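Data block for run_1.cif (mmCIF, C-alpha atoms):
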data_data
#
loop_
_atom_site.group_PDB
_atom_site.id
_atom_site.type_symbol
_atom_site.label_atom_id
_atom_site.label_comp_id
_atom_site.auth_asym_id
_atom_site.auth_seq_id
_atom_site.Cartn_x
_atom_site.Cartn_y
_atom_site.Cartn_z
ATOM 1 C CA MET A 45 -9.569 -15.884 -4.890
ATOM 2 C CA GLY A 46 -9.449 -18.323 -7.807
ATOM 3 C CA ARG A 47 -9.977 -18.431 -11.566
ATOM 4 C CA LEU A 48 -13.527 -17.121 -11.122
ATOM 5 C CA THR A 49 -12.433 -14.111 -9.105
ATOM 6 C CA THR A 50 -9.300 -13.581 -11.188
ATOM 7 C CA ALA A 51 -11.348 -13.285 -14.346
ATOM 8 C CA MET A 52 -13.739 -10.865 -12.690
ATOM 9 C CA MET A 53 -11.008 -8.736 -11.188
ATOM 10 C CA ALA A 54 -9.018 -8.445 -14.404
ATOM 11 C CA SER A 55 -11.382 -5.766 -15.670
ATOM 12 C CA VAL A 56 -11.291 -4.009 -12.299
ATOM 13 C CA LEU A 57 -7.522 -3.695 -12.565
ATOM 14 C CA VAL A 58 -7.815 -2.281 -16.084
ATOM 15 C CA LEU A 59 -10.208 0.368 -14.766
ATOM 16 C CA ALA A 60 -7.854 1.191 -11.906
ATOM 17 C CA ALA A 61 -4.914 1.558 -14.233
ATOM 18 C CA ALA A 62 -6.856 3.960 -16.389
ATOM 19 C CA CYS A 63 -7.796 6.628 -13.573
ATOM 20 C CA GLY A 64 14.280 -14.314 -10.684
ATOM 21 C CA LYS A 65 17.144 -15.595 -9.484
ATOM 22 C CA THR A 66 17.496 -18.428 -6.882
ATOM 23 C CA GLU A 67 19.390 -17.986 -3.612
ATOM 24 C CA SER A 68 19.511 -19.696 -0.201
ATOM 25 C CA LYS A 69 19.315 -17.533 2.947
ATOM 26 C CA PRO A 70 19.709 -18.690 5.917
ATOM 27 C CA ALA A 71 -9.952 -28.877 19.327
ATOM 28 C CA ASP A 72 -10.188 -25.186 17.954
ATOM 29 C CA GLY A 73 -7.508 -22.650 18.582
ATOM 30 C CA THR A 74 -8.055 -19.533 20.632
ATOM 31 C CA ALA A 75 -10.222 -16.818 19.086
ATOM 32 C CA ALA A 76 -8.185 -14.068 17.452
ATOM 33 C CA ALA A 77 -9.894 -11.374 19.499
ATOM 34 C CA ASP A 78 -8.261 -12.830 22.598
ATOM 35 C CA ILE A 79 -4.907 -11.401 21.495
ATOM 36 C CA ALA A 80 -6.231 -7.931 22.280
ATOM 37 C CA GLN A 81 -6.824 -9.066 25.876
ATOM 38 C CA THR A 82 -3.184 -10.101 26.459
ATOM 39 C CA SER A 83 -1.630 -8.012 29.237
ATOM 40 C CA GLU A 84 1.236 -5.724 28.294
ATOM 41 C CA THR A 85 4.660 -6.153 29.868
ATOM 42 C CA ASP A 86 7.585 -3.761 30.179
ATOM 43 C CA ASP A 87 10.351 -6.335 29.951
ATOM 44 C CA VAL A 88 9.883 -7.963 26.569
ATOM 45 C CA SER A 89 13.324 -9.082 25.443
ATOM 46 C CA GLU A 90 15.072 -7.564 22.468
ATOM 47 C CA ALA A 91 14.788 -10.950 20.765
ATOM 48 C CA ALA A 92 10.984 -10.886 20.951
ATOM 49 C CA LEU A 93 8.961 -11.200 17.768
ATOM 50 C CA HIS A 94 6.802 -8.200 16.837
ATOM 51 C CA VAL A 95 4.106 -8.134 14.154
ATOM 52 C CA ASP A 96 2.553 -5.045 12.577
ATOM 53 C CA VAL A 97 -0.880 -5.749 11.062
ATOM 54 C CA LEU A 98 -1.311 -3.664 7.898
ATOM 55 C CA ASP A 99 -4.533 -2.737 6.122
ATOM 56 C CA CYS A 100 -3.871 -3.819 2.530
ATOM 57 C CA GLY A 101 -7.371 -3.267 1.196
ATOM 58 C CA LYS A 102 -11.051 -4.067 1.455
ATOM 59 C CA ILE A 103 -13.236 -6.412 -0.606
ATOM 60 C CA GLU A 104 -17.010 -5.991 -0.510
ATOM 61 C CA VAL A 105 -18.900 -9.041 -1.784
ATOM 62 C CA SER A 106 -22.529 -8.591 -2.860
ATOM 63 C CA ASP A 107 -23.231 -12.349 -3.193
ATOM 64 C CA LEU A 108 -21.193 -14.943 -1.296
ATOM 65 C CA ASP A 109 -22.408 -17.950 -3.282
ATOM 66 C CA ALA A 110 -18.957 -18.483 -4.808
ATOM 67 C CA PHE A 111 -17.488 -18.968 -1.331
ATOM 68 C CA SER A 112 -19.328 -22.197 -0.426
ATOM 69 C CA SER A 113 -19.690 -25.253 -2.615
ATOM 70 C CA ALA A 114 -22.551 -26.309 -0.304
ATOM 71 C CA GLY A 115 -24.723 -23.501 -1.701
ATOM 72 C CA ASP A 116 -25.657 -22.124 1.711
ATOM 73 C CA TYR A 117 -24.071 -18.683 1.216
ATOM 74 C CA ALA A 118 -26.190 -17.710 -1.801
ATOM 75 C CA GLY A 119 -27.616 -14.199 -1.543
ATOM 76 C CA GLN A 120 -25.547 -13.266 1.518
ATOM 77 C CA THR A 121 -23.224 -10.258 1.540
ATOM 78 C CA ASP A 122 -20.006 -9.604 3.440
ATOM 79 C CA THR A 123 -16.993 -7.298 3.646
ATOM 80 C CA PHE A 124 -13.542 -8.873 3.730
ATOM 81 C CA THR A 125 -10.426 -7.293 5.120
ATOM 82 C CA ASP A 126 -7.270 -7.718 3.030
ATOM 83 C CA THR A 127 -4.412 -7.883 5.500
ATOM 84 C CA CYS A 128 -0.612 -7.940 5.289
ATOM 85 C CA PHE A 129 1.668 -8.776 8.208
ATOM 86 C CA LEU A 130 5.076 -7.217 8.870
ATOM 87 C CA ILE A 131 6.998 -9.667 11.049
ATOM 88 C CA ARG A 132 10.041 -8.233 12.823
ATOM 89 C CA HIS A 133 12.636 -10.677 14.123
ATOM 90 C CA PRO A 134 16.164 -9.900 15.377
ATOM 91 C CA GLN A 135 17.564 -11.682 12.316
ATOM 92 C CA GLY A 136 15.409 -9.896 9.747
ATOM 93 C CA ILE A 137 11.999 -8.699 8.615
ATOM 94 C CA LEU A 138 9.426 -10.836 6.795
ATOM 95 C CA LEU A 139 6.422 -9.425 4.927
ATOM 96 C CA TRP A 140 3.563 -11.938 4.751
ATOM 97 C CA ASP A 141 1.134 -11.300 1.863
ATOM 98 C CA LEU A 142 1.064 -8.245 -0.398
ATOM 99 C CA GLY A 143 -2.566 -7.146 -0.546
ATOM 100 C CA LEU A 144 -4.495 -5.543 -3.380
ATOM 101 C CA PRO A 145 -2.786 -3.759 -6.296
ATOM 102 C CA GLY A 146 -1.288 -0.442 -5.224
ATOM 103 C CA MET A 147 -2.896 1.428 -8.117
ATOM 104 C CA LEU A 148 -6.221 1.225 -6.259
ATOM 105 C CA ALA A 149 -4.908 3.750 -3.722
ATOM 106 C CA THR A 150 -5.119 6.445 -6.406
ATOM 107 C CA SER A 151 -7.978 5.140 -8.564
ATOM 108 C CA GLY A 152 -10.476 4.756 -5.731
ATOM 109 C CA PRO A 153 -12.932 1.849 -5.303
ATOM 110 C CA GLN A 154 -13.590 -0.317 -8.351
ATOM 111 C CA THR A 155 -16.632 -2.553 -8.870
ATOM 112 C CA LEU A 156 -17.262 -5.486 -11.155
ATOM 113 C CA GLN A 157 -20.033 -8.039 -10.728
ATOM 114 C CA ILE A 158 -20.083 -9.148 -7.063
ATOM 115 C CA PHE A 159 -16.850 -7.428 -5.982
ATOM 116 C CA THR A 160 -15.986 -3.882 -4.938
ATOM 117 C CA VAL A 161 -12.305 -3.501 -4.074
ATOM 118 C CA SER A 162 -10.548 -0.538 -2.498
ATOM 119 C CA LEU A 163 -7.195 0.408 -0.976
ATOM 120 C CA ASP A 164 -6.514 3.415 1.236
ATOM 121 C CA LYS A 165 -2.754 3.115 1.658
ATOM 122 C CA THR A 166 0.050 1.304 -0.162
ATOM 123 C CA LEU A 167 2.653 -0.873 1.524
ATOM 124 C CA THR A 168 5.275 1.826 0.938
ATOM 125 C CA ALA A 169 3.086 4.355 2.754
ATOM 126 C CA HIS A 170 2.527 1.945 5.643
ATOM 127 C CA LEU A 171 6.267 1.394 5.942
ATOM 128 C CA LYS A 172 6.913 5.135 5.944
ATOM 129 C CA ASP A 173 4.479 5.504 8.857
ATOM 130 C CA LEU A 174 6.586 2.934 10.713
ATOM 131 C CA GLY A 175 9.830 4.783 9.942
ATOM 132 C CA MET A 176 10.855 2.188 7.375
ATOM 133 C CA THR A 177 11.353 1.840 3.627
ATOM 134 C CA PRO A 178 10.803 -1.139 1.290
ATOM 135 C CA ASP A 179 14.562 -1.769 1.350
ATOM 136 C CA ASP A 180 14.237 -2.723 5.022
ATOM 137 C CA ILE A 181 12.257 -5.855 4.063
ATOM 138 C CA ASP A 182 14.532 -8.914 4.012
ATOM 139 C CA TYR A 183 11.991 -11.593 3.078
ATOM 140 C CA LEU A 184 8.550 -11.743 1.551
ATOM 141 C CA ALA A 185 6.176 -14.686 1.399
ATOM 142 C CA ILE A 186 2.672 -15.029 0.004
ATOM 143 C CA SER A 187 0.073 -17.455 1.298
ATOM 144 C CA HIS A 188 -0.881 -17.974 -2.358
ATOM 145 C CA SER A 189 -0.894 -16.292 -5.736
ATOM 146 C CA HIS A 190 -4.396 -14.833 -6.051
ATOM 147 C CA PHE A 191 -4.584 -11.151 -6.979
ATOM 148 C CA ASP A 192 -5.586 -9.931 -3.509
ATOM 149 C CA HIS A 193 -2.427 -11.397 -1.967
ATOM 150 C CA ILE A 194 0.202 -10.396 -4.558
ATOM 151 C CA GLY A 195 -0.830 -6.892 -5.575
ATOM 152 C CA GLN A 196 2.232 -4.916 -4.429
ATOM 153 C CA ALA A 197 5.275 -7.061 -5.197
ATOM 154 C CA ASP A 198 6.642 -4.147 -7.194
ATOM 155 C CA GLN A 199 7.186 -2.246 -3.931
ATOM 156 C CA VAL A 200 9.509 -4.797 -2.284
ATOM 157 C CA GLN A 201 11.874 -5.753 -5.090
ATOM 158 C CA ASN A 202 14.970 -6.197 -2.901
ATOM 159 C CA ALA A 203 13.460 -8.846 -0.638
ATOM 160 C CA LEU A 204 14.122 -12.587 -0.922
ATOM 161 C CA TRP A 205 10.922 -14.333 -2.025
ATOM 162 C CA LEU A 206 10.155 -17.473 0.010
ATOM 163 C CA VAL A 207 7.735 -19.530 -2.081
ATOM 164 C CA HIS A 208 6.299 -23.037 -1.984
ATOM 165 C CA GLU A 209 7.510 -24.964 -5.002
ATOM 166 C CA ASP A 210 3.990 -25.939 -6.129
ATOM 167 C CA GLU A 211 2.821 -22.321 -6.017
ATOM 168 C CA LEU A 212 5.890 -21.191 -7.908
ATOM 169 C CA ASN A 213 5.205 -23.815 -10.590
ATOM 170 C CA ALA A 214 1.575 -22.683 -10.854
ATOM 171 C CA MET A 215 2.707 -19.104 -11.436
ATOM 172 C CA PHE A 216 5.675 -19.961 -13.655
ATOM 173 C CA PRO A 217 5.228 -23.464 -15.158
ATOM 174 C CA PRO A 218 8.607 -25.250 -15.433
ATOM 175 C CA ASP A 219 7.911 -26.133 -19.085
ATOM 176 C CA GLY A 220 7.824 -22.442 -19.975
ATOM 177 C CA SER A 221 4.109 -22.390 -20.764
ATOM 178 C CA THR A 222 1.776 -19.616 -19.638
ATOM 179 C CA ALA A 223 0.138 -19.929 -16.224
ATOM 180 C CA GLN A 224 -3.436 -21.184 -16.430
ATOM 181 C CA VAL A 225 -4.889 -17.892 -15.154
ATOM 182 C CA ALA A 226 -4.175 -16.623 -18.660
ATOM 183 C CA THR A 227 -5.439 -13.053 -18.226
ATOM 184 C CA PRO A 228 -3.033 -10.256 -19.102
ATOM 185 C CA GLU A 229 -3.707 -8.424 -15.834
ATOM 186 C CA GLN A 230 -2.987 -11.453 -13.626
ATOM 187 C CA LEU A 231 0.076 -12.316 -15.651
ATOM 188 C CA ALA A 232 1.254 -8.727 -15.160
ATOM 189 C CA LEU A 233 1.001 -9.207 -11.400
ATOM 190 C CA PHE A 234 3.006 -12.425 -11.697
ATOM 191 C CA ALA A 235 5.626 -10.618 -13.777
ATOM 192 C CA MET A 236 6.386 -8.324 -10.825
ATOM 193 C CA PHE A 237 7.926 -11.378 -9.112
ATOM 194 C CA ASN A 238 10.357 -12.093 -11.953
ATOM 195 C CA PRO A 239 13.169 -9.780 -10.740
ATOM 196 C CA LEU A 240 13.030 -11.162 -7.200
ATOM 197 C CA GLU A 241 15.618 -13.511 -5.795
ATOM 198 C CA ARG A 242 13.737 -16.578 -4.624
ATOM 199 C CA LYS A 243 13.993 -19.550 -2.302
ATOM 200 C CA ALA A 244 11.600 -22.402 -3.177
ATOM 201 C CA PHE A 245 10.726 -25.013 -0.553
ATOM 202 C CA ARG A 246 8.497 -27.960 0.322
ATOM 203 C CA GLY A 247 7.185 -28.995 3.719
ATOM 204 C CA ASP A 248 7.623 -26.655 6.679
ATOM 205 C CA TYR A 249 9.992 -23.727 6.193
ATOM 206 C CA ASP A 250 11.546 -22.271 9.357
ATOM 207 C CA VAL A 251 12.299 -18.725 8.235
ATOM 208 C CA PHE A 252 14.799 -17.731 10.941
ATOM 209 C CA GLY A 253 15.886 -21.202 12.063
ATOM 210 C CA ASP A 254 14.591 -20.905 15.630
ATOM 211 C CA GLY A 255 10.980 -22.098 15.245
ATOM 212 C CA SER A 256 9.485 -18.649 15.829
ATOM 213 C CA VAL A 257 8.256 -18.118 12.241
ATOM 214 C CA VAL A 258 7.317 -21.225 10.245
ATOM 215 C CA ILE A 259 5.578 -21.384 6.861
ATOM 216 C CA PHE A 260 3.608 -24.627 6.537
ATOM 217 C CA GLU A 261 1.678 -26.346 3.762
ATOM 218 C CA THR A 262 -2.117 -26.031 3.521
ATOM 219 C CA PRO A 263 -2.784 -26.828 -0.173
ATOM 220 C CA GLY A 264 -6.183 -26.902 -1.847
ATOM 221 C CA HIS A 265 -7.202 -23.294 -2.267
ATOM 222 C CA THR A 266 -4.289 -23.208 -4.713
ATOM 223 C CA PRO A 267 -1.716 -25.943 -5.438
ATOM 224 C CA GLY A 268 0.912 -24.540 -3.071
ATOM 225 C CA HIS A 269 -1.178 -22.580 -0.578
ATOM 226 C CA THR A 270 0.575 -22.027 2.753
ATOM 227 C CA SER A 271 -0.215 -20.703 6.213
ATOM 228 C CA LEU A 272 2.063 -19.125 8.824
ATOM 229 C CA GLN A 273 2.881 -20.151 12.398
ATOM 230 C CA LEU A 274 4.175 -17.502 14.796
ATOM 231 C CA MET A 275 5.429 -18.019 18.344
ATOM 232 C CA MET A 276 4.700 -14.666 19.949
ATOM 233 C CA PRO A 277 6.198 -13.542 23.298
ATOM 234 C CA GLU A 278 2.856 -12.451 24.761
ATOM 235 C CA ALA A 279 0.088 -13.941 22.627
ATOM 236 C CA GLY A 280 1.778 -17.336 22.368
ATOM 237 C CA PRO A 281 1.298 -19.513 19.269
ATOM 238 C CA VAL A 282 -0.569 -17.755 16.447
ATOM 239 C CA LEU A 283 -1.630 -19.258 13.099
ATOM 240 C CA LEU A 284 -2.317 -16.992 10.103
ATOM 241 C CA ALA A 285 -4.682 -18.989 7.905
ATOM 242 C CA GLY A 286 -4.072 -17.352 4.537
ATOM 243 C CA ASP A 287 -7.191 -18.200 2.521
ATOM 244 C CA LEU A 288 -7.740 -21.644 3.994
ATOM 245 C CA TYR A 289 -10.798 -19.902 5.430
ATOM 246 C CA HIS A 290 -12.364 -16.605 4.295
ATOM 247 C CA ARG A 291 -14.914 -16.185 7.117
ATOM 248 C CA SER A 292 -15.486 -17.419 10.658
ATOM 249 C CA GLU A 293 -18.467 -19.381 9.367
ATOM 250 C CA SER A 294 -16.260 -21.096 6.817
ATOM 251 C CA ARG A 295 -14.080 -22.418 9.606
ATOM 252 C CA GLU A 296 -16.999 -23.489 11.767
ATOM 253 C CA LEU A 297 -18.820 -25.242 8.904
ATOM 254 C CA LYS A 298 -15.753 -26.356 6.874
ATOM 255 C CA ARG A 299 -17.038 -24.549 3.803
ATOM 256 C CA VAL A 300 -14.932 -24.651 0.639
ATOM 257 C CA PRO A 301 -15.185 -21.980 -2.095
ATOM 258 C CA ARG A 302 -16.448 -23.200 -5.452
ATOM 259 C CA PHE A 303 -13.326 -21.819 -7.137
ATOM 260 C CA ASN A 304 -10.752 -23.698 -5.047
ATOM 261 C CA TYR A 305 -8.118 -25.713 -6.887
ATOM 262 C CA ASP A 306 -9.043 -28.976 -5.108
ATOM 263 C CA GLU A 307 -11.877 -29.384 -2.584
ATOM 264 C CA ALA A 308 -10.718 -32.697 -1.098
ATOM 265 C CA MET A 309 -7.218 -31.319 -0.663
ATOM 266 C CA THR A 310 -8.669 -28.225 1.023
ATOM 267 C CA LEU A 311 -10.664 -30.310 3.507
ATOM 268 C CA ALA A 312 -7.565 -32.358 4.345
ATOM 269 C CA SER A 313 -5.622 -29.136 4.921
ATOM 270 C CA MET A 314 -8.377 -27.860 7.212
ATOM 271 C CA ASP A 315 -8.086 -31.030 9.309
ATOM 272 C CA ALA A 316 -4.294 -30.740 9.512
ATOM 273 C CA PHE A 317 -4.508 -27.030 10.342
ATOM 274 C CA GLU A 318 -7.016 -27.611 13.141
ATOM 275 C CA ALA A 319 -4.891 -30.437 14.560
ATOM 276 C CA ARG A 320 -1.905 -28.073 14.650
ATOM 277 C CA ALA A 321 -3.989 -25.341 16.287
ATOM 278 C CA LYS A 322 -5.216 -27.763 18.945
ATOM 279 C CA GLU A 323 -1.765 -29.181 19.637
ATOM 280 C CA LEU A 324 -0.258 -25.718 20.059
ATOM 281 C CA GLY A 325 -3.262 -24.115 21.760
ATOM 282 C CA ALA A 326 -2.893 -21.493 19.060
ATOM 283 C CA THR A 327 -4.802 -18.351 18.257
ATOM 284 C CA VAL A 328 -6.184 -18.643 14.718
ATOM 285 C CA ILE A 329 -6.424 -15.499 12.599
ATOM 286 C CA ILE A 330 -8.579 -15.586 9.463
ATOM 287 C CA GLN A 331 -6.955 -12.922 7.341
ATOM 288 C CA HIS A 332 -10.127 -11.774 5.536
ATOM 289 C CA GLU A 333 -12.274 -11.746 8.704
ATOM 290 C CA PRO A 334 -12.804 -8.300 10.309
ATOM 291 C CA ARG A 335 -13.845 -10.006 13.553
ATOM 292 C CA ASP A 336 -10.317 -11.425 13.764
ATOM 293 C CA ILE A 337 -8.380 -8.451 12.389
ATOM 294 C CA ASP A 338 -10.053 -5.419 13.990
ATOM 295 C CA PRO A 339 -9.447 -6.402 17.648
ATOM 296 C CA LEU A 340 -5.709 -6.643 16.981
ATOM 297 C CA GLN A 341 -5.562 -2.844 16.624
ATOM 298 C CA GLY A 342 -2.642 -3.102 14.247
ATOM 299 C CA VAL A 343 -0.261 -5.255 16.271
ATOM 300 C CA ILE A 344 0.449 -8.786 17.519
ATOM 301 C CA GLN A 345 2.888 -9.139 20.413
#
Translate this structure into structure tokens?
Amino acid sequence: MGRLTTAMMASVLVLAAACGKTESKPADGTAAADIAQTSETDDVSEAALHVDVLDCGKIEVSDLDAFSSAGDYAGQTDTFTDTCFLIRHPQGILLWDLGLPGMLATSGPQTLQIFTVSLDKTLTAHLKDLGMTPDDIDYLAISHSHFDHIGQADQVQNALWLVHEDELNAMFPPDGSTAQVATPEQLALFAMFNPLERKAFRGDYDVFGDGSVVIFETPGHTPGHTSLQLMMPEAGPVLLAGDLYHRSESRELKRVPRFNYDEAMTLASMDAFEARAKELGATVIIQHEPRDIDPLQGVIQ
């Protein structure tokens, strides 16, 4: 979500509230629903990657016009999932995206203009269900810095933040000026990242050094937007799109939201993403698309 949605959601967060250091640590892809069809095996090695798919909120949109600069979504409605991914690797645990603000779990659904946002369970509660605590998270990474992807940074303060340099600079301008979002509520979400140790990067970032989890550049939605490549033991190559696409139709039609940082850059990223998906034969998961998320049934293997 961009400046348009940030401005709208600022008041939502006010309603809900009412009820770092730097360190170094070490053609189309397959439909996402096909992951659910992958046969189970009993001999997956201990080194196998495992991904828990976490429900980090819901966004109901009463008019989708803002999500296509072509104007063909006007008057349509949709419901977006807001999904986080807990990626377990023998060398550590990465949390990809942070969902909606945790305060929504107690305030209940909040509506402003075209958006109704809600959250049933916080990240901490999800981790407890998995027999874990926030201190078990070694790394966190966000696809980008819009409110629906950074809402619960306060719950994982001991993780190392892996962040694209351009996204970091958009959140915390190097000249010390205030980020252009310039709403107190969004700036408060950014402030939750200040205590975190961070590792900034450009290009591809191989999280564990073995090619199994790679963050790669897909700028345009925001200056330093990224997507995630996973090499899964059963499902094979999987690409998490971040907000490169919001809907299946957006991927099929190459639709760009009106509020994106740079439309031409977005279209170039779409082409590069699709080339990667084709080369790998990858499953593509659109993180806001229920048709991609629901069939996973909470796990990627």
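Distance-wise, atom CA of Ala214 of chain A and atom CA of Asp99 of chain A end up 26.9 Å apart.
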Calculate, to one decimal in Å, the centre and edge lengths of the box along x, y and z of the file that holds all listed atoms of segment 290-308 of chain A with 8 Å of margin on each side, and present them as AutoDock Vina command-line options.
--center_x -13.5 --center_y -24.4 --center_z 2.3 --size_x 26.7 --size_y 32.5 --size_z 34.9
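Atom CA of Leu171 of chain A to atom CA of Gln199 of chain A spans 10.6 Å [interatomic distance, one decimal].
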Choose the residue, out of A:Pro263, A:Pro217, A:Pro334, A:Gly247, that has the smallest atom-to-atom separation from Ile103 of chain A; count all atoms listed in the file.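 Using all atoms listed in the file, the shortest distance to Ile103 of chain A belongs to A:Pro334.
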I need the residue set behind the PyMOL selection byres ((chain A and resi 256) around 12) for this file; please write it as a VMD selection string. chain A and resid 91 to 95 131 to 135 138 249 to 255 257 to 259 272 to 277 280 to 283
Atom CA of Arg246 of chain A to atom CA of Leu206 of chain A: how many Å, to one decimal?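 Taking atom CA of Arg246 of chain A and atom CA of Leu206 of chain A, their separation equals 10.6 Å.
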